[in-house]
>>> print(open('my_file-v3.pdb').read())   # PDB, C-alpha atoms
ATOM      1  CA  MET A   1      22.850 -10.661  12.210
ATOM      2  CA  THR A   2      19.447 -12.322  12.420
ATOM      3  CA  THR A   3      17.746  -8.937  12.741
ATOM      4  CA  GLN A   4      19.639  -7.612   9.730
ATOM      5  CA  ARG A   5      18.678 -10.608   7.602
ATOM      6  CA  ARG A   6      15.013 -10.061   8.455
ATOM      7  CA  TRP A   7      15.234  -6.338   7.717
ATOM      8  CA  ILE A   8      16.646  -6.716   4.188
ATOM      9  CA  PRO A   9      13.740  -8.835   2.801
ATOM     10  CA  LEU A  10      11.272  -6.397   4.356
ATOM     11  CA  LEU A  11      13.049  -3.499   2.647
ATOM     12  CA  VAL A  12      12.965  -5.284  -0.719
ATOM     13  CA  LEU A  13       9.263  -6.056  -0.245
ATOM     14  CA  GLY A  14       8.553  -2.435   0.593
ATOM     15  CA  LEU A  15      10.359  -1.181  -2.524
ATOM     16  CA  ALA A  16       8.522  -3.669  -4.728
ATOM     17  CA  THR A  17       5.184  -2.571  -3.273
ATOM     18  CA  ALA A  18       6.034   1.077  -3.907
ATOM     19  CA  LEU A  19       7.011   0.349  -7.507
ATOM     20  CA  LEU A  20       3.794  -1.544  -8.152
ATOM     21  CA  ALA A  21       1.772   1.259  -6.608
ATOM     22  CA  GLY A  22       3.565   3.782  -8.837
ATOM     23  CA  CYS A  23       2.841   1.753 -11.954
ATOM     24  CA  SER A  24      -0.860   1.623 -11.132
ATOM     25  CA  THR A  25      -1.159   5.347 -10.460
ATOM     26  CA  THR A  26      -2.741   7.432 -13.210
ATOM     27  CA  ARG A  27      -0.974  10.736 -13.743
ATOM     28  CA  VAL A  28      -3.140  13.826 -14.148
ATOM     29  CA  VAL A  29      -2.211  16.532 -16.642
ATOM     30  CA  ASP A  30      -3.129  20.103 -15.753
ATOM     31  CA  GLY A  31      -3.914  22.135 -18.849
ATOM     32  CA  GLN A  32      -4.278  25.910 -18.808
ATOM     33  CA  VAL A  33      -7.035  26.415 -21.360
ATOM     34  CA  GLN A  34      -8.521  29.464 -23.034
ATOM     35  CA  SER A  35     -11.205  29.273 -25.706
ATOM     36  CA  PHE A  36     -13.195  31.666 -27.872
ATOM     37  CA  SER A  37     -16.310  30.648 -29.790
ATOM     38  CA  THR A  38     -19.013  32.164 -31.955
ATOM     39  CA  LEU A  39     -20.783  28.818 -32.344
ATOM     40  CA  ALA A  40     -24.195  28.328 -30.785
ATOM     41  CA  ALA A  41     -24.177  24.582 -31.441
ATOM     42  CA  VAL A  42     -22.176  21.878 -33.154
ATOM     43  CA  PRO A  43     -22.274  22.670 -36.905
ATOM     44  CA  ALA A  44     -24.450  20.496 -39.114
ATOM     45  CA  PRO A  45     -23.010  18.594 -40.774
ATOM     46  CA  ALA A  46     -20.263  18.278 -38.157
ATOM     47  CA  THR A  47     -17.496  17.738 -40.697
ATOM     48  CA  TYR A  48     -14.022  19.219 -40.989
ATOM     49  CA  ARG A  49     -10.785  19.138 -42.945
ATOM     50  CA  ILE A  50      -7.370  19.729 -41.403
ATOM     51  CA  GLU A  51      -5.244  22.267 -43.263
ATOM     52  CA  ARG A  52      -1.584  21.613 -42.583
ATOM     53  CA  LEU A  53       0.806  24.542 -42.817
ATOM     54  CA  PRO A  54       4.015  24.269 -44.871
ATOM     55  CA  SER A  55       6.008  23.701 -41.661
ATOM     56  CA  GLN A  56       3.711  20.774 -40.803
ATOM     57  CA  GLN A  57       4.221  18.728 -43.957
ATOM     58  CA  ALA A  58       6.932  16.550 -42.442
ATOM     59  CA  PRO A  59       5.950  12.923 -41.691
ATOM     60  CA  SER A  60       6.813  13.538 -38.022
ATOM     61  CA  PHE A  61       3.688  15.695 -37.783
ATOM     62  CA  ASP A  62       1.450  12.769 -38.745
ATOM     63  CA  THR A  63       1.314  11.575 -35.132
ATOM     64  CA  ILE A  64       0.141  14.996 -33.959
ATOM     65  CA  THR A  65      -2.529  15.064 -36.660
ATOM     66  CA  THR A  66      -3.788  11.632 -35.613
ATOM     67  CA  LEU A  67      -4.024  12.659 -31.950
ATOM     68  CA  ALA A  68      -5.920  15.809 -32.933
ATOM     69  CA  GLU A  69      -8.332  13.839 -35.134
ATOM     70  CA  GLN A  70      -9.093  11.499 -32.233
ATOM     71  CA  ALA A  71      -9.799  14.441 -29.945
ATOM     72  CA  LEU A  72     -12.002  16.110 -32.572
ATOM     73  CA  ALA A  73     -13.962  12.856 -32.928
ATOM     74  CA  ARG A  74     -14.517  12.757 -29.171
ATOM     75  CA  ALA A  75     -15.828  16.323 -29.446
ATOM     76  CA  GLY A  76     -18.434  15.179 -31.995
ATOM     77  CA  LEU A  77     -16.720  16.153 -35.244
ATOM     78  CA  GLN A  78     -16.023  13.923 -38.240
ATOM     79  CA  ARG A  79     -13.245  14.300 -40.780
ATOM     80  CA  ASP A  80     -14.484  14.761 -44.335
ATOM     81  CA  ASP A  81     -11.890  16.220 -46.667
ATOM     82  CA  ALA A  82     -14.340  16.308 -49.603
ATOM     83  CA  ALA A  83     -17.195  18.191 -47.908
ATOM     84  CA  PRO A  84     -15.972  19.955 -44.760
ATOM     85  CA  ARG A  85     -18.129  22.390 -42.836
ATOM     86  CA  LEU A  86     -15.092  23.524 -40.851
ATOM     87  CA  LEU A  87     -11.459  24.096 -41.783
ATOM     88  CA  VAL A  88      -9.129  23.238 -38.904
ATOM     89  CA  GLN A  89      -5.598  24.450 -38.298
ATOM     90  CA  LEU A  90      -3.457  22.872 -35.585
ATOM     91  CA  GLY A  91      -0.536  24.241 -33.631
ATOM     92  CA  VAL A  92       1.861  22.538 -31.235
ATOM     93  CA  GLN A  93       4.947  23.638 -29.362
ATOM     94  CA  ALA A  94       7.563  21.915 -27.235
ATOM     95  CA  ASP A  95       9.814  24.065 -25.058
ATOM     96  CA  ALA A  96      12.077  23.875 -22.035
ATOM     97  CA  VAL A  97      11.382  26.955 -19.913
ATOM     98  CA  PRO A  98      13.223  28.250 -16.832
ATOM     99  CA  ARG A  99      11.972  27.557 -13.345
ATOM    100  CA  TYR A 100      11.911  30.422 -10.822
ATOM    101  CA  ASP A 101      14.566  30.067  -8.122
ATOM    102  CA  PRO A 102      13.665  32.095  -4.958
ATOM    103  CA  PHE A 103      17.305  32.057  -3.856
ATOM    104  CA  ARG A 104      18.439  33.697  -7.100
ATOM    105  CA  PRO A 105      15.625  36.162  -7.935
ATOM    106  CA  TYR A 106      17.832  38.164 -10.288
ATOM    107  CA  GLY A 107      19.859  35.285 -11.690
ATOM    108  CA  PRO A 108      19.260  33.323 -14.877
ATOM    109  CA  TYR A 109      15.836  32.237 -13.593
ATOM    110  CA  GLY A 110      14.721  35.677 -12.466
ATOM    111  CA  PRO A 111      12.375  38.047 -14.303
ATOM    112  CA  GLY A 112      13.229  38.658 -17.906
ATOM    113  CA  PRO A 113      11.656  38.646 -21.349
ATOM    114  CA  TRP A 114      12.848  35.113 -22.094
ATOM    115  CA  GLY A 115      11.232  33.836 -18.902
ATOM    116  CA  MET A 116       7.864  35.479 -19.398
ATOM    117  CA  GLY A 117       6.803  33.946 -22.687
ATOM    118  CA  GLY A 118       3.780  34.542 -24.863
ATOM    119  CA  TRP A 119       1.666  32.424 -27.140
ATOM    120  CA  TYR A 120       3.441  29.862 -29.234
ATOM    121  CA  GLY A 121       3.338  29.993 -33.002
ATOM    122  CA  ARG A 122       1.333  27.448 -34.871
ATOM    123  CA  GLY A 123       4.438  25.557 -35.874
ATOM    124  CA  TRP A 124       5.998  22.295 -34.808
ATOM    125  CA  GLY A 125       9.346  22.473 -33.084
ATOM    126  CA  VAL A 126      11.431  21.749 -30.003
ATOM    127  CA  HIS A 127      13.311  24.560 -28.309
ATOM    128  CA  GLY A 128      15.095  25.322 -25.058
ATOM    129  CA  MET A 129      18.467  24.851 -23.403
ATOM    130  CA  TRP A 130      19.580  23.696 -19.934
ATOM    131  CA  ARG A 131      22.895  24.521 -18.321
ATOM    132  CA  PHE A 132      24.575  22.195 -15.802
ATOM    133  CA  GLY A 133      24.150  23.289 -12.191
ATOM    134  CA  GLU A 134      20.880  25.136 -12.728
ATOM    135  CA  PRO A 135      17.435  23.943 -11.559
ATOM    136  CA  THR A 136      15.811  21.412 -13.848
ATOM    137  CA  PRO A 137      13.758  23.406 -16.374
ATOM    138  CA  LEU A 138      10.082  22.882 -16.904
ATOM    139  CA  HIS A 139       8.866  21.055 -19.982
ATOM    140  CA  ARG A 140       6.244  23.220 -21.656
ATOM    141  CA  ARG A 141       3.859  21.584 -24.092
ATOM    142  CA  ALA A 142       1.165  23.576 -25.880
ATOM    143  CA  VAL A 143      -1.476  23.019 -28.525
ATOM    144  CA  SER A 144      -3.842  25.305 -30.385
ATOM    145  CA  ILE A 145      -6.842  24.707 -32.621
ATOM    146  CA  VAL A 146      -8.389  27.274 -34.953
ATOM    147  CA  MET A 147     -11.631  26.484 -36.796
ATOM    148  CA  ARG A 148     -12.949  28.485 -39.712
ATOM    149  CA  ASP A 149     -16.251  28.276 -41.523
ATOM    150  CA  ALA A 150     -15.454  26.619 -44.853
ATOM    151  CA  SER A 151     -17.896  28.808 -46.776
ATOM    152  CA  THR A 152     -17.096  32.212 -45.278
ATOM    153  CA  GLN A 153     -13.513  31.656 -44.019
ATOM    154  CA  ALA A 154     -14.553  33.337 -40.756
ATOM    155  CA  VAL A 155     -12.915  32.045 -37.574
ATOM    156  CA  VAL A 156     -15.653  30.485 -35.460
ATOM    157  CA  TYR A 157     -13.608  28.694 -32.784
ATOM    158  CA  GLU A 158     -10.174  29.297 -31.274
ATOM    159  CA  THR A 159      -8.718  27.400 -28.349
ATOM    160  CA  SER A 160      -5.374  26.624 -26.738
ATOM    161  CA  ALA A 161      -4.036  24.470 -23.903
ATOM    162  CA  VAL A 162      -0.661  24.707 -22.149
ATOM    163  CA  HIS A 163       0.993  22.295 -19.712
ATOM    164  CA  GLU A 164       4.229  22.812 -17.757
ATOM    165  CA  ASP A 165       5.929  20.188 -15.584
ATOM    166  CA  VAL A 166       9.359  18.786 -14.748
ATOM    167  CA  TRP A 167       8.109  15.501 -16.205
ATOM    168  CA  VAL A 168       6.821  14.970 -19.731
ATOM    169  CA  SER A 169       5.572  12.098 -21.863
ATOM    170  CA  ASP A 170       5.564  12.794 -25.583
ATOM    171  CA  PRO A 171       3.485  12.356 -27.614
ATOM    172  CA  ALA A 172       0.832  11.150 -25.144
ATOM    173  CA  VAL A 173       0.635  14.534 -23.429
ATOM    174  CA  TYR A 174      -0.543  16.104 -26.697
ATOM    175  CA  ARG A 175      -3.536  13.759 -26.740
ATOM    176  CA  VAL A 176      -4.548  15.083 -23.321
ATOM    177  CA  LEU A 177      -3.942  18.692 -24.307
ATOM    178  CA  PHE A 178      -6.086  18.423 -27.440
ATOM    179  CA  ASP A 179      -8.887  16.984 -25.286
ATOM    180  CA  ALA A 180      -8.410  19.814 -22.782
ATOM    181  CA  ALA A 181      -8.456  22.440 -25.531
ATOM    182  CA  LEU A 182     -11.759  21.043 -26.856
ATOM    183  CA  ASN A 183     -13.312  20.810 -23.394
ATOM    184  CA  GLY A 184     -16.751  22.426 -23.510
ATOM    185  CA  PHE A 185     -16.959  22.524 -27.323
ATOM    186  CA  PRO A 186     -18.840  24.222 -28.944
ATOM    187  CA  LYS A 187     -19.761  26.617 -26.084
ATOM    188  CA  PRO A 188     -16.836  26.605 -23.652
ATOM    189  CA  PRO A 189     -16.699  28.674 -20.457
ATOM    190  CA  GLU A 190     -15.425  32.218 -20.881
ATOM    191  CA  GLY A 191     -11.968  33.219 -19.750
ATOM    192  CA  PRO A 192      -8.880  31.194 -18.809
ATOM    193  CA  ARG A 193      -9.517  27.966 -16.930
ATOM    194  CA  GLN A 194      -7.744  24.869 -15.714
ATOM    195  CA  VAL A 195      -8.705  21.481 -17.136
ATOM    196  CA  ARG A 196      -7.342  18.356 -15.429
ATOM    197  CA  LEU A 197      -7.444  15.112 -17.411
ATOM    198  CA  PRO A 198      -5.804  11.719 -16.788
ATOM    199  CA  LEU A 199      -2.789  10.543 -18.723
ATOM    200  CA  VAL A 200      -3.133   6.785 -18.994
ATOM    201  CA  PRO A 201       0.294   5.197 -18.365
ATOM    202  CA  PRO A 202       1.729   2.781 -20.921
ATOM    203  CA  SER A 203       1.169  -0.910 -20.277
ATOM    204  CA  HIS A 204       3.978  -2.774 -18.500
TER     205      HIS A 204
END
>>> encode(input="my_file-v3.pdb", output="structure tokens")
Amino acid sequence: MTTQRRWIPLLVLGLATALLAGCSTTRVVDGQVQSFSTLAAVPAPATYRIERLPSQQAPSFDTITTLAEQALARAGLQRDDAAPRLLVQLGVQADAVPRYDPFRPYGPYGPGPWGMGGWYGRGWGVHGMWRFGEPTPLHRRAVSIVMRDASTQAVVYETSAVHEDVWVSDPAVYRVLFDAALNGFPKPPEGPRQVRLPLVPPSH
């Protein structure tokens, strides 16, 4: 009995230590990024205006716009609705996508058009369905940014970032994805690349 009484406090102490360690750990978000640019340098003046699509007029999109504006500021751009050098369009998507199950290669998580996916429209929505008994689906979050020259309407910058994980933290993950999408602005590396950025946990 004495041994058992000593073991229980040690177990509780170990669990508390693990919880504290978990709270202090910074999660890293992996973003699959692809960018295209015709810019040789940051435009002067480095001003922009966000053009919201009809599907983005809802107040719920305000948070996304704010996160994008913060990321654009970190990239060296300044919002100026009256005299923009760039016109910016945003796109976000939230999906639940199937996870491949090696034990059921031709089952509901096997190859198929609904499991392949393509680029996400520049809308704002939440999609996906999970059925009981199937593997937990992946949460897919994606953002896109398109910049046009305000005087010529020509697209000068296009970028996107996608993240898939069984865990998700909205809307904080969009802040990271906008930063990932703007990584390397205005002359990003060519071709698809992975950008890993920290997701600061909420305060306890």
>>> resolve_selection(input="my_file-v3.pdb", expression="the PyMOL selection byres ((chain A and resi 46-53) around 8)", output="PDB file with C-alpha atoms, in the frame of the given file")
ATOM      1  CA  VAL A  42     -22.176  21.878 -33.154  1.00  0.00           C
ATOM      2  CA  PRO A  43     -22.274  22.670 -36.905  1.00  0.00           C
ATOM      3  CA  ALA A  44     -24.450  20.496 -39.114  1.00  0.00           C
ATOM      4  CA  PRO A  45     -23.010  18.594 -40.774  1.00  0.00           C
ATOM      5  CA  PRO A  54       4.015  24.269 -44.871  1.00  0.00           C
ATOM      6  CA  SER A  55       6.008  23.701 -41.661  1.00  0.00           C
ATOM      7  CA  GLN A  56       3.711  20.774 -40.803  1.00  0.00           C
ATOM      8  CA  GLN A  57       4.221  18.728 -43.957  1.00  0.00           C
ATOM      9  CA  GLY A  76     -18.434  15.179 -31.995  1.00  0.00           C
ATOM     10  CA  LEU A  77     -16.720  16.153 -35.244  1.00  0.00           C
ATOM     11  CA  GLN A  78     -16.023  13.923 -38.240  1.00  0.00           C
ATOM     12  CA  ARG A  79     -13.245  14.300 -40.780  1.00  0.00           C
ATOM     13  CA  ASP A  80     -14.484  14.761 -44.335  1.00  0.00           C
ATOM     14  CA  ASP A  81     -11.890  16.220 -46.667  1.00  0.00           C
ATOM     15  CA  ALA A  83     -17.195  18.191 -47.908  1.00  0.00           C
ATOM     16  CA  PRO A  84     -15.972  19.955 -44.760  1.00  0.00           C
ATOM     17  CA  ARG A  85     -18.129  22.390 -42.836  1.00  0.00           C
ATOM     18  CA  LEU A  86     -15.092  23.524 -40.851  1.00  0.00           C
ATOM     19  CA  LEU A  87     -11.459  24.096 -41.783  1.00  0.00           C
ATOM     20  CA  VAL A  88      -9.129  23.238 -38.904  1.00  0.00           C
ATOM     21  CA  GLN A  89      -5.598  24.450 -38.298  1.00  0.00           C
ATOM     22  CA  LEU A  90      -3.457  22.872 -35.585  1.00  0.00           C
ATOM     23  CA  GLY A 123       4.438  25.557 -35.874  1.00  0.00           C
TER      24      GLY A 123
END
>>> atom_distance(input="my_file-v3.pdb", atom1="CA of Leu72 (chain A)", atom2="CA of His139 (chain A)")
24.9 Å
>>> closest_residue(input="my_file-v3.pdb", among="A:Gly184, A:Gly191, A:Pro98, A:Gly91", to="Asp165 (chain A)", atoms="only C-alpha atoms")
A:Pro98
>>> closest_residue(input="my_file-v3.pdb", among="A:Pro198, A:Pro59, A:Pro186, A:Pro171", to="Val28 (chain A)", atoms="all atoms listed in the file")
A:Pro198
>>> atom_distance(input="my_file-v3.pdb", atom1="CA of Ala73 (chain A)", atom2="CA of Asp95 (chain A)")
27.4 Å
>>> atom_distance(input="my_file-v3.pdb", atom1="CA of Val166 (chain A)", atom2="CA of Leu138 (chain A)")
4.7 Å
>>> closest_residue(input="my_file-v3.pdb", among="A:Arg74, A:Ile145, A:Phe185, A:Arg27", to="Val168 (chain A)", atoms="all atoms listed in the file")
A:Arg27
>>> build_atoms(input="my_file-v3.pdb", residues="region 167-178 of chain A", atoms="N, CA and C atoms", output="PDB file, in the frame of the given file")
ATOM      1  N   TRP A 167       8.246  16.814 -15.570  1.00  0.00           N
ATOM      2  CA  TRP A 167       8.109  15.501 -16.205  1.00  0.00           C
ATOM      3  C   TRP A 167       7.286  15.662 -17.469  1.00  0.00           C
ATOM      4  N   VAL A 168       7.592  14.882 -18.500  1.00  0.00           N
ATOM      5  CA  VAL A 168       6.821  14.970 -19.731  1.00  0.00           C
ATOM      6  C   VAL A 168       6.782  13.603 -20.396  1.00  0.00           C
ATOM      7  N   SER A 169       5.707  13.344 -21.118  1.00  0.00           N
ATOM      8  CA  SER A 169       5.572  12.098 -21.863  1.00  0.00           C
ATOM      9  C   SER A 169       5.041  12.430 -23.247  1.00  0.00           C
ATOM     10  N   ASP A 170       5.967  12.535 -24.200  1.00  0.00           N
ATOM     11  CA  ASP A 170       5.564  12.794 -25.583  1.00  0.00           C
ATOM     12  C   ASP A 170       5.420  11.472 -26.326  1.00  0.00           C
ATOM     13  N   PRO A 171       4.459  11.333 -27.229  1.00  0.00           N
ATOM     14  CA  PRO A 171       3.485  12.356 -27.614  1.00  0.00           C
ATOM     15  C   PRO A 171       2.167  12.255 -26.855  1.00  0.00           C
ATOM     16  N   ALA A 172       2.108  11.374 -25.837  1.00  0.00           N
ATOM     17  CA  ALA A 172       0.832  11.150 -25.144  1.00  0.00           C
ATOM     18  C   ALA A 172       0.260  12.424 -24.537  1.00  0.00           C
ATOM     19  N   VAL A 173       1.133  13.323 -24.068  1.00  0.00           N
ATOM     20  CA  VAL A 173       0.635  14.534 -23.429  1.00  0.00           C
ATOM     21  C   VAL A 173      -0.138  15.399 -24.417  1.00  0.00           C
ATOM     22  N   TYR A 174       0.196  15.316 -25.711  1.00  0.00           N
ATOM     23  CA  TYR A 174      -0.543  16.104 -26.697  1.00  0.00           C
ATOM     24  C   TYR A 174      -1.978  15.601 -26.844  1.00  0.00           C
ATOM     25  N   ARG A 175      -2.168  14.297 -26.692  1.00  0.00           N
ATOM     26  CA  ARG A 175      -3.536  13.759 -26.740  1.00  0.00           C
ATOM     27  C   ARG A 175      -4.383  14.392 -25.638  1.00  0.00           C
ATOM     28  N   VAL A 176      -3.819  14.492 -24.443  1.00  0.00           N
ATOM     29  CA  VAL A 176      -4.548  15.083 -23.321  1.00  0.00           C
ATOM     30  C   VAL A 176      -4.789  16.570 -23.559  1.00  0.00           C
ATOM     31  N   LEU A 177      -3.788  17.258 -24.089  1.00  0.00           N
ATOM     32  CA  LEU A 177      -3.942  18.692 -24.307  1.00  0.00           C
ATOM     33  C   LEU A 177      -4.968  19.008 -25.386  1.00  0.00           C
ATOM     34  N   PHE A 178      -5.036  18.203 -26.430  1.00  0.00           N
ATOM     35  CA  PHE A 178      -6.086  18.423 -27.440  1.00  0.00           C
ATOM     36  C   PHE A 178      -7.468  18.211 -26.822  1.00  0.00           C
TER      37      PHE A 178
END
